[in-house]
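**Student:** So that you have it, the file is model-v4.csv, and it contains CSV, C-alpha atoms:
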```
chain,number,residue,atom,x,y,z
A,1,MET,CA,0.0,0.0,0.0
A,2,SER,CA,1.2,3.5,-0.7
A,3,GLU,CA,-0.2,6.9,-0.2
A,4,GLN,CA,0.3,9.7,-2.7
A,5,ASN,CA,-1.7,12.7,-3.8
A,6,GLU,CA,-4.4,11.9,-1.3
A,7,CYS,CA,-4.9,8.5,-2.9
A,8,LEU,CA,-4.5,5.1,-1.2
A,9,THR,CA,-3.1,2.5,-3.6
A,10,TYR,CA,-3.3,-1.2,-3.3
A,11,SER,CA,-2.1,-3.9,-5.7
A,12,PHE,CA,-3.0,-7.6,-5.9
A,13,ASN,CA,-1.7,-10.4,-8.0
A,14,VAL,CA,-4.4,-12.6,-9.5
A,15,ASP,CA,-3.3,-16.2,-10.0
A,16,GLY,CA,-4.5,-17.4,-13.3
A,17,ASP,CA,-3.8,-21.1,-12.6
A,18,ASN,CA,-6.1,-21.4,-9.6
A,19,PHE,CA,-9.8,-21.0,-10.0
A,20,THR,CA,-10.3,-21.9,-6.3
A,21,SER,CA,-8.4,-18.8,-5.2
A,22,ALA,CA,-10.1,-16.4,-7.6
A,23,GLY,CA,-11.9,-13.7,-5.6
A,24,GLU,CA,-9.2,-13.4,-2.9
A,25,ALA,CA,-8.3,-9.9,-4.0
A,26,SER,CA,-12.0,-8.9,-4.0
A,27,VAL,CA,-12.4,-10.2,-0.5
A,28,GLN,CA,-9.4,-8.1,0.6
A,29,VAL,CA,-10.7,-5.1,-1.2
A,30,LYS,CA,-14.1,-5.4,0.5
A,31,ARG,CA,-12.4,-5.6,3.9
A,32,ILE,CA,-10.2,-2.6,3.2
A,33,LEU,CA,-13.1,-0.4,2.1
A,34,ARG,CA,-15.1,-1.5,5.2
A,35,ARG,CA,-12.2,-0.6,7.4
A,36,ILE,CA,-11.9,2.8,5.8
A,37,GLY,CA,-15.6,3.3,6.5
A,38,PHE,CA,-17.3,3.6,3.1
A,39,ASP,CA,-21.1,3.0,3.0
A,40,PRO,CA,-22.2,-0.6,2.4
A,41,GLU,CA,-23.8,0.0,-1.0
A,42,THR,CA,-20.6,1.6,-2.4
A,43,ILE,CA,-18.6,-1.3,-0.9
A,44,LYS,CA,-20.9,-3.8,-2.5
A,45,ARG,CA,-20.8,-2.2,-5.9
A,46,VAL,CA,-16.9,-2.1,-5.9
A,47,SER,CA,-16.7,-5.7,-4.6
A,48,ILE,CA,-19.0,-7.2,-7.2
A,49,ALA,CA,-17.3,-5.3,-10.1
A,50,MET,CA,-13.9,-6.3,-8.8
A,51,TYR,CA,-14.9,-9.9,-8.3
A,52,GLU,CA,-16.4,-10.3,-11.8
A,53,GLY,CA,-13.2,-8.8,-13.2
A,54,GLU,CA,-11.1,-11.1,-11.2
A,55,ILE,CA,-13.0,-14.1,-12.3
A,56,ASN,CA,-12.7,-13.0,-16.0
A,57,MET,CA,-9.0,-12.6,-15.6
A,58,VAL,CA,-8.7,-16.2,-14.3
A,59,ILE,CA,-11.1,-17.7,-16.9
A,60,HIS,CA,-9.8,-15.9,-20.0
A,61,ALA,CA,-6.4,-14.4,-19.4
A,62,GLY,CA,-4.3,-16.5,-17.2
A,63,GLY,CA,-4.5,-14.0,-14.3
A,64,GLY,CA,-3.0,-10.6,-14.0
A,65,VAL,CA,-2.8,-7.6,-11.7
A,66,ALA,CA,-5.7,-5.9,-9.9
A,67,GLU,CA,-5.1,-2.4,-8.6
A,68,LEU,CA,-7.3,-0.3,-6.3
A,69,PHE,CA,-7.0,3.5,-6.0
A,70,VAL,CA,-9.1,5.0,-3.2
A,71,TYR,CA,-9.8,8.7,-3.4
A,72,GLU,CA,-12.0,10.8,-1.2
A,73,ASP,CA,-14.7,11.1,-3.9
A,74,LYS,CA,-14.2,8.0,-6.0
A,75,ILE,CA,-12.8,4.5,-6.0
A,76,VAL,CA,-10.9,3.3,-9.2
A,77,MET,CA,-10.2,-0.3,-10.1
A,78,LYS,CA,-7.6,-1.2,-12.7
A,79,LEU,CA,-7.4,-4.8,-13.9
A,80,THR,CA,-4.5,-5.6,-16.2
A,81,ASP,CA,-3.8,-8.9,-18.0
A,82,HIS,CA,-1.6,-10.2,-20.8
A,83,GLY,CA,-4.2,-12.6,-22.1
A,84,PRO,CA,-5.5,-13.0,-25.7
A,85,GLY,CA,-7.4,-9.7,-25.7
A,86,ILE,CA,-11.1,-9.2,-26.6
A,87,ALA,CA,-11.8,-9.6,-30.3
A,88,ASP,CA,-15.2,-7.8,-30.3
A,89,VAL,CA,-15.8,-5.6,-27.3
A,90,SER,CA,-19.4,-4.7,-28.3
A,91,LEU,CA,-20.2,-8.4,-28.6
A,92,ALA,CA,-18.5,-9.1,-25.3
A,93,MET,CA,-20.7,-6.5,-23.7
A,94,GLN,CA,-23.9,-8.2,-24.7
A,95,GLU,CA,-25.6,-10.1,-21.9
A,96,GLY,CA,-25.4,-13.8,-22.5
A,97,PHE,CA,-22.5,-13.8,-24.9
A,98,SER,CA,-19.6,-15.9,-23.6
A,99,THR,CA,-16.5,-17.6,-24.8
A,100,ALA,CA,-16.0,-19.5,-21.5
A,101,PRO,CA,-15.5,-23.2,-21.9
A,102,ASP,CA,-18.0,-25.7,-20.5
A,103,ASN,CA,-15.9,-26.6,-17.5
A,104,ILE,CA,-16.2,-23.0,-16.3
A,105,ARG,CA,-20.0,-23.1,-16.7
A,106,SER,CA,-20.0,-26.2,-14.5
A,107,LEU,CA,-18.3,-24.1,-11.8
A,108,GLY,CA,-21.2,-21.6,-11.9
A,109,PHE,CA,-19.7,-18.9,-14.2
A,110,GLY,CA,-19.4,-18.2,-17.9
A,111,ALA,CA,-23.0,-17.1,-18.5
A,112,GLY,CA,-21.9,-14.0,-20.4
A,113,MET,CA,-22.8,-11.6,-17.5
A,114,GLY,CA,-19.3,-10.6,-16.4
A,115,LEU,CA,-18.6,-7.5,-18.4
A,116,PRO,CA,-22.2,-6.2,-18.5
A,117,ASN,CA,-22.3,-6.7,-14.7
A,118,MET,CA,-19.1,-4.8,-14.2
A,119,LYS,CA,-20.5,-1.9,-16.2
A,120,ARG,CA,-23.9,-2.1,-14.3
A,121,TYR,CA,-22.3,-1.8,-10.9
A,122,THR,CA,-19.8,1.0,-11.8
A,123,ASP,CA,-20.2,4.7,-12.9
A,124,GLU,CA,-17.6,4.4,-15.6
A,125,MET,CA,-15.9,1.5,-17.3
A,126,VAL,CA,-13.1,1.8,-20.0
A,127,ILE,CA,-11.8,-1.2,-21.8
A,128,ASP,CA,-8.4,-1.0,-23.5
A,129,THR,CA,-7.7,-4.2,-25.3
A,130,LYS,CA,-5.3,-5.4,-28.0
A,131,LEU,CA,-5.5,-8.9,-29.6
A,132,GLY,CA,-2.5,-11.0,-28.6
A,133,GLU,CA,-1.3,-8.5,-26.1
A,134,GLY,CA,-3.9,-8.2,-23.3
A,135,THR,CA,-6.6,-6.1,-21.7
A,136,THR,CA,-6.8,-3.3,-19.2
A,137,ILE,CA,-10.2,-2.5,-17.7
A,138,THR,CA,-10.5,0.6,-15.6
A,139,MET,CA,-13.7,1.0,-13.5
A,140,THR,CA,-14.7,4.0,-11.4
A,141,VAL,CA,-17.3,4.1,-8.6
A,142,ASN,CA,-18.1,7.6,-7.5
A,143,VAL,CA,-18.6,8.1,-3.8
B,1,MET,CA,-37.9,-15.4,9.4
B,2,LYS,CA,-34.9,-16.2,11.5
B,3,ILE,CA,-32.1,-18.3,10.0
B,4,SER,CA,-32.8,-20.9,12.6
B,5,GLU,CA,-36.3,-21.1,11.3
B,6,VAL,CA,-34.9,-21.6,7.7
B,7,ALA,CA,-33.1,-24.6,9.1
B,8,ASN,CA,-36.2,-25.9,10.8
B,9,VAL,CA,-38.4,-25.5,7.7
B,10,LEU,CA,-35.8,-27.3,5.6
B,11,GLY,CA,-34.9,-29.9,8.2
B,12,ALA,CA,-31.3,-28.7,7.5
B,13,GLN,CA,-28.2,-29.3,9.4
B,14,ILE,CA,-26.2,-26.1,10.3
B,15,LEU,CA,-22.5,-26.6,9.4
B,16,CYS,CA,-21.0,-23.4,10.6
B,17,CYS,CA,-21.6,-19.9,12.1
B,18,GLY,CA,-24.6,-21.2,14.1
B,19,GLU,CA,-24.1,-18.3,16.5
B,20,ASN,CA,-25.5,-16.1,13.7
B,21,ALA,CA,-28.7,-18.2,13.3
B,22,GLY,CA,-30.7,-15.7,15.2
B,23,LYS,CA,-30.4,-13.1,12.4
B,24,GLU,CA,-33.6,-12.2,10.5
B,25,VAL,CA,-33.8,-12.8,6.8
B,26,CYS,CA,-36.6,-11.6,4.5
B,27,SER,CA,-35.7,-12.9,1.1
B,28,ALA,CA,-34.0,-15.7,-0.7
B,29,CYS,CA,-32.9,-16.9,-4.1
B,30,GLY,CA,-32.1,-20.3,-5.6
B,31,SER,CA,-29.5,-20.7,-8.3
B,32,ASP,CA,-26.5,-22.9,-9.4
B,33,MET,CA,-25.2,-20.1,-11.7
B,34,MET,CA,-23.2,-17.6,-9.6
B,35,SER,CA,-23.1,-15.4,-12.7
B,36,ASP,CA,-26.8,-14.9,-12.4
B,37,VAL,CA,-26.7,-14.4,-8.7
B,38,LEU,CA,-24.2,-11.6,-9.2
B,39,ALA,CA,-26.2,-10.1,-12.1
B,40,TYR,CA,-29.8,-10.2,-10.9
B,41,VAL,CA,-30.0,-10.6,-7.2
B,42,LYS,CA,-30.6,-7.7,-5.0
B,43,ASN,CA,-30.7,-7.7,-1.2
B,44,GLN,CA,-31.4,-11.4,-1.0
B,45,ALA,CA,-30.2,-12.7,2.3
B,46,VAL,CA,-30.3,-16.5,1.7
B,47,LEU,CA,-28.7,-18.4,-1.2
B,48,LEU,CA,-29.9,-21.9,-2.0
B,49,THR,CA,-27.7,-23.8,-4.4
B,50,GLY,CA,-26.6,-27.3,-5.4
B,51,LEU,CA,-23.2,-26.0,-6.6
B,52,VAL,CA,-20.2,-26.9,-4.5
B,53,ASN,CA,-17.1,-24.8,-4.9
B,54,PRO,CA,-15.4,-22.0,-3.0
B,55,GLN,CA,-16.8,-19.4,-5.4
B,56,VAL,CA,-20.3,-20.0,-3.9
B,57,ILE,CA,-19.0,-18.6,-0.6
B,58,ARG,CA,-17.2,-15.7,-2.2
B,59,THR,CA,-20.3,-14.8,-4.3
B,60,ALA,CA,-22.4,-14.8,-1.2
B,61,GLU,CA,-19.9,-12.7,0.6
B,62,MET,CA,-19.7,-10.2,-2.3
B,63,MET,CA,-23.5,-10.0,-2.3
B,64,ASP,CA,-23.7,-9.4,1.5
B,65,MET,CA,-25.7,-12.7,1.9
B,66,VAL,CA,-25.8,-14.1,5.4
B,67,CYS,CA,-26.9,-17.7,4.8
B,68,ILE,CA,-26.2,-20.4,2.3
B,69,VAL,CA,-28.3,-23.6,2.0
B,70,PHE,CA,-26.8,-26.5,0.1
B,71,VAL,CA,-29.6,-28.6,-1.3
B,72,ARG,CA,-29.7,-32.3,-2.3
B,73,SER,CA,-27.4,-33.1,0.7
B,74,LYS,CA,-24.5,-31.5,-1.1
B,75,GLU,CA,-21.4,-31.4,1.2
B,76,PRO,CA,-19.3,-28.3,1.2
B,77,THR,CA,-15.5,-28.8,1.6
B,78,ALA,CA,-13.5,-27.9,4.7
B,79,ASP,CA,-12.0,-25.0,2.8
B,80,MET,CA,-15.4,-23.7,2.0
B,81,ILE,CA,-16.5,-23.9,5.6
B,82,LYS,CA,-13.4,-22.0,6.6
B,83,LEU,CA,-14.2,-19.2,4.1
B,84,ALA,CA,-17.7,-19.1,5.4
B,85,GLU,CA,-16.5,-18.8,9.0
B,86,GLN,CA,-14.2,-16.0,8.0
B,87,ALA,CA,-17.2,-14.2,6.5
B,88,GLY,CA,-19.6,-15.0,9.2
B,89,ILE,CA,-22.0,-16.7,6.8
B,90,VAL,CA,-24.3,-19.4,8.2
B,91,VAL,CA,-23.9,-22.6,6.1
B,92,MET,CA,-26.5,-25.4,6.2
B,93,ARG,CA,-27.3,-28.6,4.3
B,94,SER,CA,-30.7,-29.9,3.4
B,95,GLU,CA,-31.8,-33.2,1.9
B,96,HIS,CA,-34.5,-31.4,-0.1
B,97,ARG,CA,-34.1,-30.7,-3.8
B,98,MET,CA,-33.8,-27.1,-5.0
B,99,TYR,CA,-37.5,-26.9,-6.1
B,100,GLU,CA,-38.8,-28.4,-2.9
B,101,ALA,CA,-36.5,-26.3,-0.7
B,102,CYS,CA,-37.5,-23.0,-2.5
B,103,GLY,CA,-41.2,-24.0,-2.3
B,104,LEU,CA,-41.0,-24.8,1.4
B,105,LEU,CA,-39.4,-21.5,2.3
B,106,TYR,CA,-41.7,-19.5,0.0
B,107,SER,CA,-44.8,-21.1,1.4
B,108,ASN,CA,-43.6,-20.4,4.9
B,109,GLY,CA,-43.3,-16.7,4.2
B,110,LEU,CA,-39.8,-16.2,2.8
B,111,ASN,CA,-40.4,-14.8,-0.7
B,112,GLY,CA,-37.9,-13.9,-3.4
B,113,LYS,CA,-38.6,-10.2,-3.5
B,114,THR,CA,-37.8,-8.3,-6.7
B,115,ILE,CA,-34.8,-9.4,-8.7
```
Written as structure tokens, how would this file's structure read?
**Tutor:**
Amino acid sequence: MSEQNECLTYSFNVDGDNFTSAGEASVQVKRILRRIGFDPETIKRVSIAMYEGEINMVIHAGGGVAELFVYEDKIVMKLTDHGPGIADVSLAMQEGFSTAPDNIRSLGFGAGMGLPNMKRYTDEMVIDTKLGEGTTITMTVNV
Amino acid sequence: MKISEVANVLGAQILCCGENAGKEVCSACGSDMMSDVLAYVKNQAVLLTGLVNPQVIRTAEMMDMVCIVFVRSKEPTADMIKLAEQAGIVVMRSEHRMYEACGLLYSNGLNGKTI
């Protein structure tokens, strides 16, 4: 954790080889925000968006890095991976569209709700993706 | 309805966090798709599921749910119980199938509320 320009910064490695541990960063984020004293609804929105992003990174990209930037008036999440990238972002944003394999569906995910859900629970979401290089998703929740 | 009454109605065995069974719950949802729970559920306190993996506990924690019912006698792993204990979530197991378990809770006053 570091503190600069009135912003608390946290960084978490997301293990892409272990579906069981997916969500550990989100649990930590939830506890951090609770400790700081944000209202429950804000914490829930951030936690769900972060969790969906984390699951996506594990399913599709072999893991990556999740960063959290806590400002007085907003919370920013930045999820960076070096996976295959998203071929068609507008298609990926459609509810129900998924490229997840069947084994992921049997684990309760891969229904094509991840990205739409991340957008639904945040005030702003920016997807920067390049095929073969990876994806960075930046989400903002205003406080 | 108290969580302890949920256990009574379902004839369920409480597996952890029984000290929280006095909490009141007023809504529930049943699903094996955690994606749908994350997408559509709002303010549901009880999750009924037949899915057994740690993401069930994490999903419930993210959604601020306070009770998970494993239907069809599904047995959560020791790791899952540990996660639930850390989150303070009451976990129970019922012999009923999903449809029956949901019906019993609904007919006893625990509705689904708006999704």
**Student:** Could you tell me how far CA of Leu68 in chain A sits from CA of Asp123 in chain A, in Å to one decimal place?
**Tutor:** 15.3 Å
**Student:** Determine which residues of chain A sit within 12 Å of chain B, taking into account all atoms listed in the file, and present them as a PyMOL selection string.
**Tutor:** chain A and resi 18-31+40-56+95-96+98+104-121
**Student:** So what do you get for CA of Glu72 in chain A versus CA of Asp39 in chain A, distance-wise?
**Tutor:**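 Spanning CA of Glu72 in chain A to CA of Asp39 in chain A is a straight-line distance of 12.7 Å.
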**Student:** Which of these, A:Val70, A:Val65, A:Ala92, A:Val58, has the shortest distance to Leu8 in chain A once you count only C-alpha atoms?
**Tutor:** A:Val70
**Student:** Just want the 12 Å neighbourhood of Glu75 in chain B, counted on all atoms listed in the file, with same-chain residues fewer than 3 positions away dropped. Output as a list in words.
**Tutor:**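 Here the answer would be Gln13, Ile14, Leu15, Thr49, Gly50, Leu51, Val52, Asn53, Pro54, Val69, Phe70, Val71, Arg72, Ala78, Asp79, Met80, Ile81, Val91, Met92, Arg93, Ser94 and Glu95 of chain B.
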**Student:** From the list B:Val6, B:Cys67, B:Leu48, B:Leu83, which residue is nearest Gly30 in chain B when using all atoms listed in the file?
**Tutor:**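 Closest to Gly30 in chain B, using all atoms listed in the file: B:Leu48.
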**Student:** What gap, in Å, lies between CA of Asp17 in chain A and CA of Asp81 in chain A?
**Tutor:**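 So the answer is 13.3 Å.
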**Student:** Extract, using all atoms listed in the file, all DNA, RNA and protein residues at most 8 Å from Thr140 in chain A, discarding same-chain residues fewer than 2 positions from it, and format them as a ChimeraX atom specification.
**Tutor:** /A:74-77,122-125,138,142
**Student:** Residues near Leu47 in chain B, anyone? I mean within 6 Å using all atoms listed in the file, not counting same-chain ones fewer than 5 positions away, as a ChimeraX atom specification.
**Tutor:** /B:28-30,68
**Student:** For C-alpha atoms, I'd like the residues from the last selection saved as a short mmCIF file (atom, residue, chain, number, x, y, z; two decimals), in the frame of the given file.
**Tutor:**
```
data_model
loop_
_atom_site.label_atom_id
_atom_site.label_comp_id
_atom_site.auth_asym_id
_atom_site.auth_seq_id
_atom_site.Cartn_x
_atom_site.Cartn_y
_atom_site.Cartn_z
CA ALA B 28 -34.00 -15.70 -0.70
CA CYS B 29 -32.90 -16.90 -4.10
CA GLY B 30 -32.10 -20.30 -5.60
CA ILE B 68 -26.20 -20.40 2.30
#
```
**Student:** So, with only C-alpha atoms as the atoms that count, which of B:Val41, B:Gly88, B:Lys82, B:Ala60 lies closest to Asn20 in chain B?
**Tutor:** B:Gly88
**Student:** Could you give me, as a VMD selection string, the residues within 7 Å of Ile89 in chain B, counting all atoms listed in the file and dropping anything in the same chain fewer than 4 positions from it?
**Tutor:** chain B and resid 17 66 to 67 84 to 85
